[in-house]
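Remarks on the structure that follows.
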Amino acid sequence: MEDNIFQFDEPQVEFPEKTILNLTNGFDTATDGLASLILLQIKNDSRIGGINSTFQFRLKLISNILINYSFTLLDFGYDVTIYPVTITIDDSEIANELGITETDFYDNYIVTLNSDKELISLLKSIFQTNTFRKTVGGLMKIAREKANNSITKT
């Protein structure tokens with residue numbers, strides 16, 4: 001009897017995008033619906049500088065009230081092994097608060113994470129930065145004011 005040389009095990013990890021969606025669940029409620037975090041998959045013809053992964057995504061802060069505003073929080077990508085996942089933090093102030101320095105010629109702040117625990121830890125750290133809190137707070141104030149039609153047009 002011959003041994004089966006084709007034995008495979010699927011990784012027992014959650015996809016990074018599902019981990020992020022689970023972690024950000026409740027963000028809309030916390031901002032009274034004035035701000036949202038959305039996750040977009042990047043098409044193959046729109047590759048992200050600094051990430052050479054097959055599967056790429058972008059996490060953005062938006063407000064449905066301020067249609068022309070968006071703030072890219074981070075980009076990430078992974079290959080068929082799922083982990084490691086490569087994260088680029090788009091905002092230099094957030095990266096500086098986290099102690100992350102520029103790591104390539106695109107002026108990107110890149111972090112490589114080897115597990116979902118590392119991913120969750122980094123995301124929680126990002127959400128607790130002063131820059132992120134101020135950005136969300138300012139967005140909420142402006143969106144609330146616009147929703148209440150208190151901004152006068154000139």
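As shown in the structure tokens, the chain order sets the letters A, B, ...; within each chain, residues go from 1, and ligands are also counted from 1 in the order they appear.
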Which residues come within 10 Å of Phe132 in chain A, counting only C-alpha atoms, excluding same-chain residues fewer than 6 positions away, as a PDB file with C-alpha atoms, in the first residue's frame?
ATOM      1  CA  LEU A  61     -13.572  56.163   7.720  1.00  0.00           C
ATOM      2  CA  LEU A  73      -7.083  54.369   7.860  1.00  0.00           C
ATOM      3  CA  ASP A  91      -1.671  58.404   8.275  1.00  0.00           C
ATOM      4  CA  GLU A  93       0.451  60.851  12.747  1.00  0.00           C
ATOM      5  CA  ILE A  94      -1.194  57.544  13.667  1.00  0.00           C
ATOM      6  CA  SER A 125      -3.980  50.386  19.272  1.00  0.00           C
ATOM      7  CA  ILE A 126      -4.894  52.351  16.137  1.00  0.00           C
ATOM      8  CA  GLY A 138     -14.366  66.065  14.445  1.00  0.00           C
TER       9      GLY A 138
END
Contacts of Thr101 in chain A at 9 Å or less, counting only C-alpha atoms, minus same-chain residues fewer than 5 places along, as a PDB file with all heavy atoms, in the first residue's frame?
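Contents of out_6.pdb, freshly written:
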ATOM      1  N   SER A  92       0.493  59.382   8.784  1.00  0.00           N
ATOM      2  CA  SER A  92       1.789  59.446   9.460  1.00  0.00           C
ATOM      3  C   SER A  92       1.638  59.748  10.948  1.00  0.00           C
ATOM      4  O   SER A  92       2.438  59.270  11.760  1.00  0.00           O
ATOM      5  CB  SER A  92       2.686  60.487   8.794  1.00  0.00           C
ATOM      6  OG  SER A  92       2.114  61.775   8.884  1.00  0.00           O
ATOM      7  N   ALA A  95       0.749  56.500  12.671  1.00  0.00           N
ATOM      8  CA  ALA A  95       1.950  55.651  12.677  1.00  0.00           C
ATOM      9  C   ALA A  95       2.954  56.141  13.712  1.00  0.00           C
ATOM     10  O   ALA A  95       3.530  55.335  14.460  1.00  0.00           O
ATOM     11  CB  ALA A  95       2.571  55.621  11.286  1.00  0.00           C
ATOM     12  N   ASN A  96       3.152  57.454  13.780  1.00  0.00           N
ATOM     13  CA  ASN A  96       4.096  58.004  14.754  1.00  0.00           C
ATOM     14  C   ASN A  96       3.655  57.745  16.185  1.00  0.00           C
ATOM     15  O   ASN A  96       4.479  57.428  17.044  1.00  0.00           O
ATOM     16  CB  ASN A  96       4.301  59.506  14.524  1.00  0.00           C
ATOM     17  CG  ASN A  96       5.072  59.790  13.255  1.00  0.00           C
ATOM     18  OD1 ASN A  96       5.831  58.961  12.781  1.00  0.00           O
ATOM     19  ND2 ASN A  96       4.847  60.965  12.688  1.00  0.00           N
ATOM     20  N   ASN A 108       5.466  54.601   3.026  1.00  0.00           N
ATOM     21  CA  ASN A 108       4.451  53.835   3.733  1.00  0.00           C
ATOM     22  C   ASN A 108       4.955  53.417   5.100  1.00  0.00           C
ATOM     23  O   ASN A 108       6.153  53.271   5.315  1.00  0.00           O
ATOM     24  CB  ASN A 108       4.078  52.567   2.940  1.00  0.00           C
ATOM     25  CG  ASN A 108       3.263  52.892   1.714  1.00  0.00           C
ATOM     26  OD1 ASN A 108       2.470  53.814   1.703  1.00  0.00           O
ATOM     27  ND2 ASN A 108       3.470  52.123   0.670  1.00  0.00           N
ATOM     28  N   TYR A 109       4.021  53.215   5.996  1.00  0.00           N
ATOM     29  CA  TYR A 109       4.294  52.702   7.322  1.00  0.00           C
ATOM     30  C   TYR A 109       3.779  51.271   7.331  1.00  0.00           C
ATOM     31  O   TYR A 109       2.572  51.042   7.421  1.00  0.00           O
ATOM     32  CB  TYR A 109       3.598  53.568   8.370  1.00  0.00           C
ATOM     33  CG  TYR A 109       4.068  55.005   8.311  1.00  0.00           C
ATOM     34  CD1 TYR A 109       3.464  55.924   7.452  1.00  0.00           C
ATOM     35  CD2 TYR A 109       5.139  55.425   9.086  1.00  0.00           C
ATOM     36  CE1 TYR A 109       3.913  57.239   7.385  1.00  0.00           C
ATOM     37  CE2 TYR A 109       5.593  56.734   9.021  1.00  0.00           C
ATOM     38  CZ  TYR A 109       4.976  57.628   8.169  1.00  0.00           C
ATOM     39  OH  TYR A 109       5.432  58.919   8.099  1.00  0.00           O
ATOM     40  N   ILE A 110       4.691  50.327   7.188  1.00  0.00           N
ATOM     41  CA  ILE A 110       4.303  48.936   6.955  1.00  0.00           C
ATOM     42  C   ILE A 110       4.585  48.088   8.192  1.00  0.00           C
ATOM     43  O   ILE A 110       5.639  48.202   8.816  1.00  0.00           O
ATOM     44  CB  ILE A 110       5.051  48.355   5.741  1.00  0.00           C
ATOM     45  CG1 ILE A 110       4.693  49.146   4.485  1.00  0.00           C
ATOM     46  CG2 ILE A 110       4.740  46.873   5.555  1.00  0.00           C
ATOM     47  CD1 ILE A 110       5.436  48.731   3.240  1.00  0.00           C
TER      48      ILE A 110
END
### Spatial neighbours of Arg144 in chain A, max dist 10 Å, only C-alpha atoms, sep filter under 6 positions, as a PyMOL selection string
chain A and resi 32-35+65-66+138+150
> Which parts of chain A does DSSP call helix (DSSP H, G or I) when run on the backbone here, written out as a count of residues only?
Replying inline: 50
Quiz item: Neighbours of Lys146 in chain A within 12 Å (only C-alpha atoms; same-chain residues fewer than 6 positions away dropped), as a list in words?
Solution: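 Near Lys146 in chain A, the qualifying residues are Leu34, Ser63, Asn64, Ile65, Leu66, Ile67, Leu139, Met140, Thr152 and Lys153 of chain A.
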Export of prior selection with N, CA, C and O atoms as a tab-separated table (two decimals), in the first residue's frame:
chain	number	residue	atom	x	y	z
A	34	LEU	N	-23.10	58.70	12.73
A	34	LEU	CA	-22.52	59.86	12.05
A	34	LEU	C	-21.25	59.49	11.28
A	34	LEU	O	-20.83	60.22	10.39
A	63	SER	N	-18.51	59.20	6.36
A	63	SER	CA	-19.78	59.62	6.92
A	63	SER	C	-20.78	59.67	5.77
A	63	SER	O	-20.50	60.28	4.73
A	64	ASN	N	-21.92	59.04	5.96
A	64	ASN	CA	-22.95	59.09	4.92
A	64	ASN	C	-23.56	60.49	4.79
A	64	ASN	O	-24.21	60.79	3.79
A	65	ILE	N	-23.32	61.32	5.77
A	65	ILE	CA	-23.81	62.70	5.72
A	65	ILE	C	-22.87	63.59	4.93
A	65	ILE	O	-23.29	64.49	4.22
A	66	LEU	N	-21.56	63.32	5.05
A	66	LEU	CA	-20.53	64.09	4.32
A	66	LEU	C	-20.01	63.22	3.19
A	66	LEU	O	-18.97	62.58	3.30
A	67	ILE	N	-20.72	63.21	2.10
A	67	ILE	CA	-20.49	62.27	1.01
A	67	ILE	C	-19.09	62.41	0.40
A	67	ILE	O	-18.49	61.43	-0.01
A	139	LEU	N	-15.23	64.53	12.79
A	139	LEU	CA	-16.17	64.09	11.76
A	139	LEU	C	-17.58	64.01	12.31
A	139	LEU	O	-18.54	64.45	11.65
A	140	MET	N	-17.72	63.50	13.52
A	140	MET	CA	-19.05	63.42	14.14
A	140	MET	C	-19.65	64.81	14.32
A	140	MET	O	-20.83	65.03	14.02
A	152	THR	N	-24.63	77.31	7.50
A	152	THR	CA	-25.17	78.24	6.53
A	152	THR	C	-24.32	78.23	5.28
A	152	THR	O	-23.09	78.15	5.36
A	153	LYS	N	-24.95	78.33	4.13
A	153	LYS	CA	-24.23	78.36	2.86
A	153	LYS	C	-23.98	79.82	2.48
A	153	LYS	O	-24.81	80.68	2.66
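Look at Thr31 in chain A: the protein and nucleic acid residues within 9 Å of it, using only C-alpha atoms and passing over chain neighbours fewer than 5 places away, are Gly26, Ser36, Val136, Gly137 and Met140 of chain A.
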Keeping only N, CA and C atoms, write those residues as a short mmCIF file (atom, residue, chain, number, x, y, z; two decimals), in the first residue's frame.
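The resulting again_37.cif:
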data_model
loop_
_atom_site.label_atom_id
_atom_site.label_comp_id
_atom_site.auth_asym_id
_atom_site.auth_seq_id
_atom_site.Cartn_x
_atom_site.Cartn_y
_atom_site.Cartn_z
N GLY A 26 -20.20 47.63 15.60
CA GLY A 26 -20.60 48.51 16.68
C GLY A 26 -20.04 49.92 16.56
N SER A 36 -18.76 55.91 9.85
CA SER A 36 -18.71 54.47 9.60
C SER A 36 -17.32 54.08 9.18
N VAL A 136 -12.30 61.10 14.33
CA VAL A 136 -13.69 60.61 14.44
C VAL A 136 -14.54 61.65 15.15
N GLY A 137 -14.03 62.23 16.23
CA GLY A 137 -14.79 63.24 16.96
C GLY A 137 -15.12 64.45 16.10
N MET A 140 -17.72 63.50 13.52
CA MET A 140 -19.05 63.42 14.14
C MET A 140 -19.65 64.81 14.32
#
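Here CA of Val85 in chain A stands at a distance of 21.3 Å from CA of Phe8 in chain A.
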Counting only C-alpha atoms, what is within 6 Å of range 54-57 of chain A, bar same-chain residues fewer than 2 positions away, as a list in words?
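So, after excluding close chain neighbours, the residues are Leu40, Gln41, Ile42, Asp75, Phe76, Gly77, Tyr78 and Asp79 of chain A.
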Which polymer residues have any atom within 9 Å of an atom of Val13 in chain A, counting only C-alpha atoms, with same-chain residues fewer than 4 positions away left out, as an mmCIF file with N, CA, C and O atoms, in the first residue's frame?
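Dumped to out.cif:
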data_model
loop_
_atom_site.group_PDB
_atom_site.id
_atom_site.type_symbol
_atom_site.label_atom_id
_atom_site.label_comp_id
_atom_site.auth_asym_id
_atom_site.auth_seq_id
_atom_site.Cartn_x
_atom_site.Cartn_y
_atom_site.Cartn_z
ATOM 1 N N ILE A 82 -2.745 33.112 4.016
ATOM 2 C CA ILE A 82 -3.552 34.007 4.861
ATOM 3 C C ILE A 82 -2.661 34.838 5.794
ATOM 4 O O ILE A 82 -2.729 36.048 5.784
ATOM 5 N N TYR A 83 -1.868 34.225 6.618
ATOM 6 C CA TYR A 83 -0.891 34.944 7.435
ATOM 7 C C TYR A 83 0.494 34.521 6.986
ATOM 8 O O TYR A 83 0.682 33.366 6.630
ATOM 9 N N SER A 115 -0.425 36.736 13.025
ATOM 10 C CA SER A 115 -1.598 36.053 13.578
ATOM 11 C C SER A 115 -2.763 37.013 13.716
ATOM 12 O O SER A 115 -2.585 38.237 13.685
ATOM 13 N N ASP A 116 -3.950 36.447 13.906
ATOM 14 C CA ASP A 116 -5.124 37.280 14.126
ATOM 15 C C ASP A 116 -5.020 38.029 15.451
ATOM 16 O O ASP A 116 -5.509 39.146 15.582
#
Closest of A:Leu98, A:Ile5, A:Ile142, A:Ile20 to Leu119 in chain A, counting only C-alpha atoms, is A:Ile20
Within chain A, find each residue whose DSSP state, derived from the backbone, is strand (DSSP E or B), and express the selection as a PyMOL selection string. chain A and resi 36-42+55-62+70-78+85-89+109-113
Could you save the residues just selected, with N, CA and C atoms, as a tab-separated table (two decimals), in the first residue's frame?
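Output file part.tsv follows:
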chain	number	residue	atom	x	y	z
A	36	SER	N	-18.76	55.91	9.85
A	36	SER	CA	-18.71	54.47	9.60
A	36	SER	C	-17.32	54.08	9.18
A	37	LEU	N	-16.97	52.83	9.47
A	37	LEU	CA	-15.76	52.23	8.94
A	37	LEU	C	-16.19	51.24	7.88
A	38	ILE	N	-15.68	51.41	6.66
A	38	ILE	CA	-16.03	50.49	5.59
A	38	ILE	C	-14.79	49.78	5.09
A	39	LEU	N	-14.98	48.55	4.66
A	39	LEU	CA	-13.89	47.74	4.16
A	39	LEU	C	-14.11	47.50	2.68
A	40	LEU	N	-13.14	47.87	1.87
A	40	LEU	CA	-13.23	47.73	0.42
A	40	LEU	C	-12.17	46.77	-0.07
A	41	GLN	N	-12.54	45.87	-0.96
A	41	GLN	CA	-11.54	45.01	-1.59
A	41	GLN	C	-10.95	45.76	-2.78
A	42	ILE	N	-9.63	45.73	-2.88
A	42	ILE	CA	-8.93	46.41	-3.96
A	42	ILE	C	-8.85	45.47	-5.15
A	55	PHE	N	-4.43	39.29	-2.23
A	55	PHE	CA	-5.72	39.78	-1.75
A	55	PHE	C	-5.49	41.05	-0.96
A	56	GLN	N	-6.08	42.17	-1.44
A	56	GLN	CA	-5.82	43.47	-0.83
A	56	GLN	C	-7.12	44.18	-0.48
A	57	PHE	N	-7.07	44.92	0.63
A	57	PHE	CA	-8.25	45.60	1.15
A	57	PHE	C	-7.87	46.97	1.69
A	58	ARG	N	-8.87	47.82	1.84
A	58	ARG	CA	-8.69	49.17	2.39
A	58	ARG	C	-9.78	49.41	3.43
A	59	LEU	N	-9.38	49.94	4.59
A	59	LEU	CA	-10.32	50.31	5.64
A	59	LEU	C	-10.41	51.83	5.67
A	60	LYS	N	-11.63	52.34	5.46
A	60	LYS	CA	-11.84	53.79	5.36
A	60	LYS	C	-12.85	54.26	6.38
A	61	LEU	N	-12.63	55.45	6.86
A	61	LEU	CA	-13.57	56.16	7.72
A	61	LEU	C	-14.38	57.08	6.83
A	62	ILE	N	-15.70	56.97	6.91
A	62	ILE	CA	-16.57	57.81	6.09
A	62	ILE	C	-17.75	58.31	6.93
A	70	SER	N	-13.62	61.14	3.01
A	70	SER	CA	-13.19	59.80	3.42
A	70	SER	C	-11.77	59.89	3.94
A	71	PHE	N	-11.44	59.04	4.88
A	71	PHE	CA	-10.13	59.00	5.51
A	71	PHE	C	-9.66	57.55	5.46
A	72	THR	N	-8.62	57.29	4.67
A	72	THR	CA	-8.09	55.93	4.59
A	72	THR	C	-7.28	55.67	5.85
A	73	LEU	N	-7.74	54.71	6.61
A	73	LEU	CA	-7.08	54.37	7.86
A	73	LEU	C	-5.92	53.42	7.62
A	74	LEU	N	-6.16	52.39	6.82
A	74	LEU	CA	-5.10	51.44	6.53
A	74	LEU	C	-5.45	50.61	5.31
A	75	ASP	N	-4.42	50.02	4.74
A	75	ASP	CA	-4.55	49.04	3.67
A	75	ASP	C	-3.91	47.76	4.18
A	76	PHE	N	-4.40	46.64	3.70
A	76	PHE	CA	-3.76	45.38	4.09
A	76	PHE	C	-3.91	44.35	3.00
A	77	GLY	N	-3.03	43.39	3.06
A	77	GLY	CA	-3.07	42.33	2.06
A	77	GLY	C	-2.45	41.05	2.58
A	78	TYR	N	-2.84	39.97	1.93
A	78	TYR	CA	-2.28	38.66	2.28
A	78	TYR	C	-2.32	37.78	1.05
A	85	VAL	N	-0.05	38.79	7.33
A	85	VAL	CA	-0.78	39.85	6.65
A	85	VAL	C	0.07	41.11	6.74
A	86	THR	N	0.11	41.86	5.64
A	86	THR	CA	0.89	43.10	5.59
A	86	THR	C	-0.07	44.28	5.69
A	87	ILE	N	0.22	45.18	6.60
A	87	ILE	CA	-0.62	46.36	6.85
A	87	ILE	C	0.17	47.60	6.50
A	88	THR	N	-0.43	48.53	5.78
A	88	THR	CA	0.17	49.86	5.64
A	88	THR	C	-0.77	50.85	6.33
A	89	ILE	N	-0.20	51.62	7.22
A	89	ILE	CA	-0.95	52.67	7.90
A	89	ILE	C	-0.76	53.93	7.09
A	109	TYR	N	4.02	53.22	6.00
A	109	TYR	CA	4.29	52.70	7.32
A	109	TYR	C	3.78	51.27	7.33
A	110	ILE	N	4.69	50.33	7.19
A	110	ILE	CA	4.30	48.94	6.95
A	110	ILE	C	4.58	48.09	8.19
A	111	VAL	N	3.60	47.23	8.51
A	111	VAL	CA	3.73	46.29	9.61
A	111	VAL	C	3.35	44.92	9.07
A	112	THR	N	4.11	43.90	9.42
A	112	THR	CA	3.77	42.53	9.05
A	112	THR	C	3.32	41.80	10.31
A	113	LEU	N	2.14	41.20	10.24
A	113	LEU	CA	1.55	40.52	11.38
A	113	LEU	C	1.40	39.03	11.08
- Message: What does the structure give for the distance between CA of Glu97 in chain A and CA of Thr129 in chain A, in Å to one decimal?
- Response: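 According to the coordinates, CA of Glu97 in chain A and CA of Thr129 in chain A are separated by 6.6 Å.
Straight-line separation from CA of Lys141 in chain A to CA of Thr29 in chain A: 15.1 Å.
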